[in-house]
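Okay, protein-v4.cif now, which holds mmCIF, C-alpha atoms:
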data_model
loop_
_atom_site.label_atom_id
_atom_site.label_comp_id
_atom_site.auth_asym_id
_atom_site.auth_seq_id
_atom_site.Cartn_x
_atom_site.Cartn_y
_atom_site.Cartn_z
CA MET H 236 102.22 113.76 142.85
CA ARG H 237 99.10 112.47 141.11
CA HIS H 238 98.98 109.80 138.40
CA VAL H 239 101.80 107.84 140.05
CA VAL H 240 101.90 104.17 141.05
CA TRP H 241 104.13 104.51 144.07
CA PRO H 242 105.27 100.84 144.40
CA LEU H 243 106.79 101.06 140.90
CA LEU H 244 108.85 104.19 141.58
CA PRO H 245 112.10 102.21 142.13
CA LEU H 246 111.91 101.11 138.49
CA VAL H 247 111.68 104.66 137.11
CA PRO H 248 115.49 105.28 137.13
CA LEU H 249 116.00 102.17 135.01
CA TYR H 250 113.45 103.35 132.45
CA GLY H 251 114.92 106.85 132.54
CA ALA H 252 118.42 105.54 131.94
CA ALA H 253 117.21 103.57 128.91
CA GLN H 254 115.52 106.70 127.55
CA ALA H 255 118.66 108.77 128.08
CA LEU H 256 120.83 106.19 126.32
CA ASP H 257 118.40 106.14 123.40
CA SER H 258 118.59 109.93 123.08
CA VAL H 259 122.38 109.89 123.17
CA ALA H 260 122.47 107.18 120.51
CA TYR H 261 120.47 109.30 118.08
CA ALA H 262 122.25 112.54 118.97
CA ARG H 263 125.67 111.01 118.29
CA GLY H 264 124.65 109.10 115.21
CA TRP H 265 125.03 105.64 116.70
CA ARG H 266 121.50 104.98 115.54
CA ARG H 267 120.59 106.16 112.08
CA ARG H 268 117.35 107.78 111.00
CA GLU H 269 115.69 106.95 107.72
CA ARG H 270 114.69 109.94 105.60
CA LEU H 271 111.82 110.15 103.14
CA ARG H 272 111.75 112.25 99.96
CA TRP H 273 108.87 114.42 101.14
CA PRO H 274 109.05 116.46 104.37
CA VAL H 275 107.79 114.92 107.59
CA VAL H 276 105.92 116.75 110.37
CA SER H 277 105.70 114.71 113.55
CA VAL H 278 102.73 115.11 115.90
CA GLY H 279 103.29 113.47 119.26
CA ASN H 280 103.18 113.80 123.02
CA LEU H 281 105.12 112.85 126.12
CA SER H 282 102.63 110.62 127.91
CA VAL H 283 100.69 107.45 127.26
CA GLY H 284 97.62 108.66 125.37
CA GLY H 285 95.16 111.37 126.20
CA ALA H 286 96.75 114.53 124.74
CA GLY H 287 94.30 114.77 121.83
CA LYS H 288 96.67 113.90 118.99
CA THR H 289 94.01 112.38 116.73
CA PRO H 290 91.69 115.42 116.46
CA PHE H 291 94.78 117.63 116.15
CA VAL H 292 96.17 115.55 113.27
CA ILE H 293 92.78 115.77 111.57
CA ALA H 294 92.70 119.55 111.98
CA LEU H 295 96.31 119.92 110.79
CA ALA H 296 95.71 117.73 107.73
CA ARG H 297 92.69 119.84 106.78
CA ALA H 298 94.65 123.07 107.34
CA PHE H 299 97.52 121.93 105.10
CA THR H 300 95.02 120.90 102.41
CA GLU H 301 93.28 124.27 102.56
CA ARG H 302 96.67 125.96 102.13
CA GLY H 303 97.36 124.05 98.92
CA TRP H 304 99.48 121.19 100.22
CA SER H 305 99.06 117.54 99.34
CA VAL H 306 98.93 115.57 102.60
CA ASP H 307 99.14 112.00 103.85
CA VAL H 308 99.29 110.56 107.35
CA LEU H 309 101.65 107.82 108.53
CA SER H 310 100.58 105.78 111.56
CA ARG H 311 101.61 102.68 113.42
CA GLY H 312 97.99 101.58 113.68
CA TYR H 313 98.01 100.72 117.38
CA GLY H 314 95.93 97.63 118.20
CA ARG H 315 95.56 96.41 114.63
CA THR H 316 95.58 92.68 113.96
CA ALA H 317 97.29 92.90 110.55
CA ASP H 318 101.03 93.46 110.19
CA VAL H 319 101.29 94.52 106.55
CA VAL H 320 102.12 98.03 105.37
CA GLU H 321 99.04 99.34 103.59
CA ARG H 322 96.74 102.26 102.91
CA VAL H 323 93.62 102.62 105.01
CA VAL H 324 90.45 101.99 103.02
CA THR H 325 87.35 103.73 104.36
CA GLY H 326 83.78 102.41 104.16
CA ALA H 327 82.40 98.96 103.34
CA MET H 328 84.26 97.23 106.20
CA ASP H 329 82.68 95.71 109.30
CA ASP H 330 85.65 96.20 111.66
CA PRO H 331 88.18 98.72 110.27
CA ALA H 332 89.81 99.19 113.69
CA ALA H 333 90.91 95.54 113.73
CA ARG H 334 92.64 95.88 110.39
CA TYR H 335 94.04 99.42 110.57
CA GLY H 336 93.67 100.60 114.18
CA ASP H 337 91.00 102.93 115.53
CA GLU H 338 92.88 106.21 115.13
CA PRO H 339 94.05 105.69 111.51
CA SER H 340 90.51 104.66 110.57
CA LEU H 341 89.07 107.79 112.16
CA ILE H 342 91.71 110.07 110.62
CA ALA H 343 91.13 108.65 107.14
CA GLU H 344 87.38 109.14 107.49
CA ARG H 345 87.37 112.65 108.96
CA ALA H 346 90.45 114.24 107.40
CA ALA H 347 89.74 112.79 103.95
CA VAL H 348 93.46 112.34 103.18
CA PRO H 349 95.42 109.15 102.46
CA VAL H 350 96.48 107.31 105.62
CA TYR H 351 99.15 104.59 105.59
CA VAL H 352 99.80 102.17 108.44
CA GLY H 353 102.89 100.17 109.29
CA ARG H 354 104.97 99.28 112.30
CA ARG H 355 107.92 100.99 110.58
CA ARG H 356 106.60 104.36 109.54
CA ALA H 357 109.42 104.78 106.99
CA SER H 358 108.00 101.81 105.08
CA ALA H 359 104.54 103.37 105.20
CA GLY H 360 106.01 106.62 103.91
CA ARG H 361 107.80 104.92 101.04
CA LEU H 362 104.55 103.21 100.06
CA ALA H 363 102.85 106.62 100.03
CA GLU H 364 105.60 108.12 97.89
CA ALA H 365 105.48 105.20 95.48
CA THR H 366 101.71 105.15 95.01
CA LEU H 367 100.35 108.67 95.47
CA ILE H 368 99.93 110.75 92.35
CA VAL H 369 100.82 114.34 93.23
CA ASP H 370 100.45 117.30 90.91
CA GLY H 371 103.85 118.42 89.68
CA GLY H 372 103.59 121.85 91.24
CA ALA H 373 102.08 120.76 94.54
CA ARG H 374 103.97 120.66 97.80
CA HIS H 375 103.54 117.46 99.76
CA VAL H 376 103.92 116.67 103.44
CA HIS H 377 103.78 113.51 105.54
CA LEU H 378 102.11 113.89 108.95
CA LEU H 379 103.66 111.40 111.35
CA ASP H 380 100.94 110.43 113.83
CA ASP H 381 102.19 109.73 117.37
CA GLY H 382 105.70 110.23 116.08
CA MET H 383 107.69 111.74 118.94
CA GLN H 384 109.06 108.43 120.23
CA HIS H 385 109.38 106.93 116.72
CA ARG H 386 112.81 108.42 116.27
CA GLY H 387 114.00 106.09 113.55
CA LEU H 388 112.26 108.30 110.97
CA ALA H 389 113.78 111.73 110.36
CA ARG H 390 111.39 114.64 110.62
CA ASP H 391 111.53 118.28 109.54
CA ALA H 392 109.30 119.61 112.33
CA GLU H 393 108.34 118.28 115.75
CA ILE H 394 104.96 119.24 117.24
CA VAL H 395 104.31 118.10 120.81
CA LEU H 396 100.91 118.23 122.53
CA LEU H 397 100.94 118.61 126.29
CA HIS H 398 98.22 117.52 128.69
CA ARG H 399 97.84 119.07 132.13
CA SER H 400 98.54 115.71 133.75
CA ASP H 401 102.01 115.61 132.15
CA PHE H 402 103.16 118.00 134.88
CA ARG H 403 101.73 115.83 137.67
CA THR H 404 103.22 112.44 136.87
CA THR H 405 106.55 110.71 136.34
CA LEU H 406 108.15 108.30 133.89
CA LEU H 407 106.88 104.82 133.17
CA PRO H 408 106.29 102.36 134.70
CA ALA H 409 105.23 104.29 137.81
CA GLY H 410 103.74 107.19 135.86
CA ARG H 411 102.39 107.99 132.42
CA LEU H 412 105.36 109.75 130.82
CA ARG H 413 107.10 107.98 127.96
CA GLU H 414 109.78 110.69 128.03
CA PRO H 415 110.71 113.35 130.58
CA LEU H 416 109.70 116.99 130.15
CA ALA H 417 113.28 117.68 129.08
CA ALA H 418 112.41 116.01 125.75
CA LEU H 419 110.49 119.18 124.84
CA GLU H 420 113.88 120.52 123.81
CA ARG H 421 113.46 118.61 120.55
CA ALA H 422 110.20 120.36 119.64
CA GLU H 423 109.79 123.35 117.37
CA PHE H 424 106.15 123.74 118.41
CA VAL H 425 104.42 122.87 121.70
CA VAL H 426 100.61 122.78 121.84
CA LEU H 427 98.52 123.64 124.90
CA ARG H 428 94.76 123.70 125.35
CA GLU H 429 93.07 127.05 125.73
CA GLY H 430 92.27 126.36 129.38
CA ASP H 431 95.90 125.48 130.17
CA ALA H 432 97.48 128.81 129.27
CA GLU H 433 99.01 129.14 132.74
CA LEU H 434 101.15 126.08 131.97
CA ALA H 435 103.05 127.91 129.24
CA ALA H 436 105.68 129.27 131.63
CA ARG H 437 106.33 125.79 133.03
CA ALA H 438 106.65 124.33 129.53
CA ARG H 439 109.06 127.11 128.54
CA ARG H 440 111.56 125.88 131.12
CA TRP H 441 112.21 122.83 128.96
CA MET H 442 111.82 124.33 125.47
CA ARG H 443 114.34 125.88 123.12
CA THR H 444 114.27 129.67 123.00
CA ASP H 445 113.24 129.65 119.33
CA ALA H 446 110.36 127.18 119.84
CA GLN H 447 106.78 128.39 119.73
CA ILE H 448 103.73 127.61 121.85
CA TRP H 449 100.44 127.11 120.01
CA THR H 450 97.06 127.26 121.69
CA ILE H 451 94.12 125.13 120.62
CA LYS H 452 90.44 125.22 121.42
CA ARG H 453 88.78 121.82 121.81
CA GLU H 454 85.04 121.41 121.39
CA LEU H 455 82.83 118.39 121.93
CA GLU H 456 79.94 118.19 119.49
CA VAL H 457 77.13 116.09 120.95
CA PRO H 458 74.23 114.96 118.75
CA ALA H 459 70.65 115.24 119.94
CA LEU H 460 69.71 112.32 122.17
CA GLU H 461 66.43 110.63 122.96
CA GLY H 462 66.24 110.86 126.74
CA ALA H 463 68.96 109.93 129.23
CA ALA H 464 71.91 107.96 127.82
CA VAL H 465 74.29 105.23 128.91
CA VAL H 466 77.65 106.86 128.23
CA PHE H 467 80.61 104.58 127.55
CA SER H 468 84.15 104.99 126.31
CA ALA H 469 87.60 103.44 126.14
CA ILE H 470 89.84 106.49 126.04
CA ALA H 471 92.73 107.78 128.12
CA HIS H 472 90.78 110.39 130.10
CA PRO H 473 87.15 109.24 130.29
CA GLU H 474 86.49 111.59 133.21
CA GLU H 475 87.06 114.58 130.92
CA PHE H 476 84.53 113.22 128.44
CA VAL H 477 81.88 112.72 131.13
CA ALA H 478 82.59 116.12 132.74
CA GLU H 479 82.13 117.93 129.43
CA LEU H 480 78.86 116.10 128.78
CA ARG H 481 77.60 117.17 132.17
CA ARG H 482 78.75 120.74 131.52
CA GLN H 483 76.67 120.73 128.34
CA GLY H 484 73.64 119.48 130.22
CA VAL H 485 73.49 116.02 128.64
CA ALA H 486 71.25 113.66 130.62
CA LEU H 487 73.38 110.73 131.82
CA ALA H 488 71.62 107.61 133.01
CA ALA H 489 74.88 105.73 133.74
CA THR H 490 78.53 105.68 132.66
CA ARG H 491 81.03 102.90 131.93
CA ALA H 492 84.72 103.20 131.02
CA TRP H 493 87.34 100.74 129.80
CA ARG H 494 91.08 101.23 129.30
CA ASP H 495 92.27 103.21 126.27
CA HIS H 496 91.96 101.36 122.92
CA HIS H 497 89.96 98.53 124.51
CA ARG H 498 88.49 96.14 121.94
CA PHE H 499 84.80 95.84 122.78
CA THR H 500 83.56 92.28 123.19
CA ASP H 501 80.03 90.97 122.81
CA ARG H 502 79.99 90.57 126.59
CA ASP H 503 80.79 94.28 126.96
CA VAL H 504 77.84 95.11 124.75
CA GLU H 505 75.54 92.93 126.84
CA ILE H 506 76.74 94.77 129.96
CA LEU H 507 75.78 98.07 128.32
CA CYS H 508 72.38 96.71 127.35
CA ASP H 509 71.80 95.54 130.93
CA MET H 510 72.79 98.97 132.21
CA ALA H 511 70.32 100.65 129.88
CA THR H 512 67.55 98.41 131.17
CA THR H 513 68.50 98.85 134.82
CA TYR H 514 68.78 102.64 134.66
CA ARG H 515 65.93 103.07 132.17
CA ALA H 516 68.14 104.76 129.61
CA LYS H 517 66.70 105.70 126.25
CA SER H 518 69.94 105.82 124.23
CA PHE H 519 73.69 105.15 124.14
CA LEU H 520 76.45 107.72 123.67
CA THR H 521 80.15 107.14 123.01
CA THR H 522 83.06 108.86 121.24
CA GLN H 523 83.81 108.65 117.54
CA LYS H 524 87.03 106.75 118.27
CA ASP H 525 85.09 104.20 120.30
CA MET H 526 82.41 103.93 117.63
CA VAL H 527 85.06 102.78 115.15
CA ARG H 528 85.89 99.84 117.45
CA LEU H 529 82.32 98.53 117.54
CA THR H 530 81.52 95.90 114.94
CA GLU H 531 78.36 96.19 112.90
CA ARG H 532 76.79 93.34 114.87
CA GLN H 533 77.57 95.07 118.16
CA ARG H 534 76.04 98.32 116.95
CA MET H 535 72.91 96.50 115.87
CA ARG H 536 72.64 94.83 119.28
CA LEU H 537 72.78 98.19 121.06
CA ALA H 538 70.25 99.63 118.60
CA GLN H 539 67.78 96.97 119.71
CA ILE H 540 67.71 98.73 123.09
CA GLY H 541 68.03 102.34 121.98
CA PRO H 542 69.68 104.70 119.46
CA LEU H 543 73.49 104.79 119.44
CA ALA H 544 75.23 108.14 118.90
CA ALA H 545 78.83 109.36 118.89
CA ALA H 546 80.20 112.66 120.17
CA GLN H 547 82.87 114.30 118.06
CA VAL H 548 85.92 116.18 119.33
CA THR H 549 87.03 119.03 117.08
CA VAL H 550 90.15 121.13 117.43
CA ARG H 551 91.01 124.53 116.03
CA LEU H 552 94.14 126.59 116.37
CA LEU H 553 93.92 130.02 117.89
CA GLU H 554 95.86 132.46 115.69
CA PRO H 555 96.11 129.86 112.90
CA GLU H 556 97.78 132.13 110.35
CA THR H 557 100.67 132.85 112.68
CA ALA H 558 101.08 129.20 113.70
CA LEU H 559 100.72 127.60 110.29
CA GLY H 560 102.75 130.31 108.63
CA ALA H 561 105.65 129.56 110.97
CA LEU H 562 105.36 125.83 110.24
CA GLU H 563 105.29 126.40 106.48
CA GLN H 564 108.29 128.73 106.69
CA LEU H 565 110.24 126.08 108.60
CA LEU H 566 109.45 123.43 105.98
CA LEU H 567 110.38 125.74 103.11
CA GLN H 568 113.66 126.62 104.82
CA LYS H 569 114.42 122.91 104.91
CA GLY H 570 113.72 122.53 101.22
CA ALA H 571 110.11 121.27 101.22
#
Mind turning this structure into structure tokens?
Amino acid sequence: MRHVVWPLLPLVPLYGAAQALDSVAYARGWRRRERLRWPVVSVGNLSVGGAGKTPFVIALARAFTERGWSVDVLSRGYGRTADVVERVVTGAMDDPAARYGDEPSLIAERAAVPVYVGRRRASAGRLAEATLIVDGGARHVHLLDDGMQHRGLARDAEIVLLHRSDFRTTLLPAGRLREPLAALERAEFVVLREGDAELAARARRWMRTDAQIWTIKRELEVPALEGAAVVFSAIAHPEEFVAELRRQGVALAATRAWRDHHRFTDRDVEILCDMATTYRAKSFLTTQKDMVRLTERQRMRLAQIGPLAAAQVTVRLLEPETALGALEQLLLQKGA
């Protein structure tokens, strides 16, 4: 089994027992869920990062908006230094990732919908409901980013993104799974990448009979570069990023990866500058999520060596009318 730290396997049953007890507590009402006035659609996954939730949330927010819904996004704001519940403000800030988290900052910028951050997502949702001005006839929906394991907030629909590696690992701490595959039973919609269609039958073993599988197409948009680039990232699956760049014929002078959500230091930037000099690179290339975590001073330092560009991951649903129609119908059945 890949993606497993074998020495930690003896601890997996303890983690699994804790997860099972948590599920029983919610199922039997021993733990209560808070409910917001507006419907909640949770977007989550089973493993630690890497399923593509952020571009999917952006695409879903845009799709709801195009279909006449008013939308906001609720997020924990992983990695943020502040602890207040607040709305993400875009632009005119040197280090938005430090205040709001990298993913909320990126969602607010690209989806162009209100994004609220808070450790307790119910508090973020109440702030949204108290401050957003919604047209009287409009339908409104909260999108709960990375919400599958945040079970203290009631939701009206559960969307779960699967990554191929989810079938080749085990529970934390030895593996990457935050919950077992059996947790797919809670989902109304399971999302697979276009290239992972053969995994649908395996996913179906754990899903309810009335649940649907959606298929998405992911695309990496790479800006024009001046010569070979030093490629760097701090994401869950950097090898996929590099492989796609190579597939597109991007000239790579060197690559460097850090752990997911890594906060870039000035020393990191100097390492990248040294790499560019050593390998005679003409530019730097990273992801949009990583770009958000670079301060203005760090960007300027890299620009002294060569242009800095960011590749953008976009997601689109295959058969969107069928998928989104089913989601809307579910929300309307529940009184949205």
Sorted by chain and rising residue number, which residues of segment 426-538 of chain H lie within 10 Å of segment 401-411 of chain H, and what are their closest atom pairs and distances in Å to one decimal, counting all atoms listed in the file, as CSV?
residue,atom,partner,partner_atom,distance
H:Leu434,CA,H:Phe402,CA,8.8
H:Arg437,CA,H:Phe402,CA,8.6
H:Ala438,CA,H:Phe402,CA,9.0
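Every protein or nucleic acid residue with an atom no more than 7 Å from segment 550-561 of chain H, counting only C-alpha atoms and leaving out same-chain residues fewer than 6 positions away, appears here: H:Pro290, H:Phe291, H:Ala294, H:Trp449, H:Thr450, H:Ile451, H:Lys452, H:Arg453, H:Glu454.
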Keeping only C-alpha atoms, take the residues you just selected and write them out as a compact mmCIF listing (two decimals), in the frame of the given file.
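Produced file out.txt, reproduced below:
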# COMPACT_ATOMS: atom_id res chain seq x y z
CA PRO H 290 91.69 115.42 116.46
CA PHE H 291 94.78 117.63 116.15
CA ALA H 294 92.70 119.55 111.98
CA TRP H 449 100.44 127.11 120.01
CA THR H 450 97.06 127.26 121.69
CA ILE H 451 94.12 125.13 120.62
CA LYS H 452 90.44 125.22 121.42
CA ARG H 453 88.78 121.82 121.81
CA GLU H 454 85.04 121.41 121.39
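Non-sequential neighbours of Thr444 of chain H (distance at most 12 Å, separation of 2 or more positions within a chain, only C-alpha atoms) are H:Leu419, H:Glu420, H:Arg421, H:Ala422, H:Glu423, H:Phe424, H:Ala438, H:Arg439, H:Arg440, H:Trp441, H:Met442, H:Ala446, H:Gln447, H:Ile448.
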For this session: Name the residues that the PyMOL selection byres ((chain H and resi 491-504) around 9) pulls out of this structure, and write them as JSON, numbers by chain.
Result: {"H": [284, 285, 313, 314, 332, 333, 336, 337, 465, 466, 467, 468, 469, 470, 471, 472, 473, 474, 489, 490, 505, 506, 507, 508, 509, 524, 525, 528, 529, 530, 532, 533, 534, 536, 537]}
Translate the PyMOL selection byres ((chain H and resi 353) around 9), as applied to the file shown, into an explicit residue set as an mmCIF file with C-alpha atoms, in the coordinates of the input.
data_model
loop_
_atom_site.group_PDB
_atom_site.id
_atom_site.type_symbol
_atom_site.label_atom_id
_atom_site.label_comp_id
_atom_site.auth_asym_id
_atom_site.auth_seq_id
_atom_site.Cartn_x
_atom_site.Cartn_y
_atom_site.Cartn_z
ATOM 1 C CA LEU H 309 101.650 107.820 108.530
ATOM 2 C CA SER H 310 100.580 105.780 111.560
ATOM 3 C CA ARG H 311 101.610 102.680 113.420
ATOM 4 C CA GLY H 312 97.990 101.580 113.680
ATOM 5 C CA ASP H 318 101.030 93.460 110.190
ATOM 6 C CA VAL H 319 101.290 94.520 106.550
ATOM 7 C CA VAL H 320 102.120 98.030 105.370
ATOM 8 C CA GLU H 321 99.040 99.340 103.590
ATOM 9 C CA TYR H 335 94.040 99.420 110.570
ATOM 10 C CA TYR H 351 99.150 104.590 105.590
ATOM 11 C CA VAL H 352 99.800 102.170 108.440
ATOM 12 C CA ARG H 354 104.970 99.280 112.300
ATOM 13 C CA ARG H 355 107.920 100.990 110.580
ATOM 14 C CA ARG H 356 106.600 104.360 109.540
ATOM 15 C CA ALA H 357 109.420 104.780 106.990
ATOM 16 C CA SER H 358 108.000 101.810 105.080
ATOM 17 C CA ALA H 359 104.540 103.370 105.200
ATOM 18 C CA GLY H 360 106.010 106.620 103.910
#
Problem set entry | Between atom CA of Leu362 of chain H and atom CA of Lys569 of chain H - distance in Å to one decimal | 22.6 Å
Can you give me N, CA and C atoms for segment 305-321 of chain H, written as a compact mmCIF listing (two decimals), in the frame of the given file?
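Written output follows (rebuild22.txt):
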# COMPACT_ATOMS: atom_id res chain seq x y z
N SER H 305 99.52 118.92 99.42
CA SER H 305 99.06 117.54 99.34
C SER H 305 99.54 116.84 100.61
N VAL H 306 98.65 116.09 101.26
CA VAL H 306 98.93 115.57 102.60
C VAL H 306 98.66 114.07 102.67
N ASP H 307 99.48 113.35 103.41
CA ASP H 307 99.14 112.00 103.85
C ASP H 307 99.53 111.86 105.31
N VAL H 308 99.01 110.84 105.95
CA VAL H 308 99.29 110.56 107.35
C VAL H 308 99.91 109.18 107.47
N LEU H 309 100.98 109.09 108.27
CA LEU H 309 101.65 107.82 108.53
C LEU H 309 101.40 107.44 109.98
N SER H 310 100.94 106.21 110.21
CA SER H 310 100.58 105.78 111.56
C SER H 310 101.03 104.35 111.80
N ARG H 311 101.30 104.06 113.04
CA ARG H 311 101.61 102.68 113.42
C ARG H 311 100.37 101.80 113.30
N GLY H 312 99.22 102.37 113.65
CA GLY H 312 97.99 101.58 113.68
C GLY H 312 97.91 100.75 114.94
N TYR H 313 97.98 101.42 116.10
CA TYR H 313 98.01 100.72 117.38
C TYR H 313 96.78 99.83 117.53
N GLY H 314 97.02 98.57 117.94
CA GLY H 314 95.93 97.63 118.20
C GLY H 314 95.44 96.87 116.99
N ARG H 315 96.03 97.10 115.82
CA ARG H 315 95.56 96.41 114.63
C ARG H 315 96.02 94.95 114.64
N THR H 316 95.24 94.10 114.00
CA THR H 316 95.58 92.68 113.96
C THR H 316 96.49 92.33 112.78
N ALA H 317 96.45 93.14 111.72
CA ALA H 317 97.29 92.90 110.55
C ALA H 317 98.69 93.47 110.79
N ASP H 318 99.66 93.00 110.03
CA ASP H 318 101.03 93.46 110.19
C ASP H 318 101.62 93.95 108.87
N VAL H 319 100.80 94.07 107.84
CA VAL H 319 101.29 94.52 106.55
C VAL H 319 101.30 96.05 106.51
N VAL H 320 102.12 96.59 105.62
CA VAL H 320 102.12 98.03 105.37
C VAL H 320 101.10 98.29 104.27
N GLU H 321 100.11 99.14 104.55
CA GLU H 321 99.04 99.34 103.59
C GLU H 321 98.35 100.67 103.81
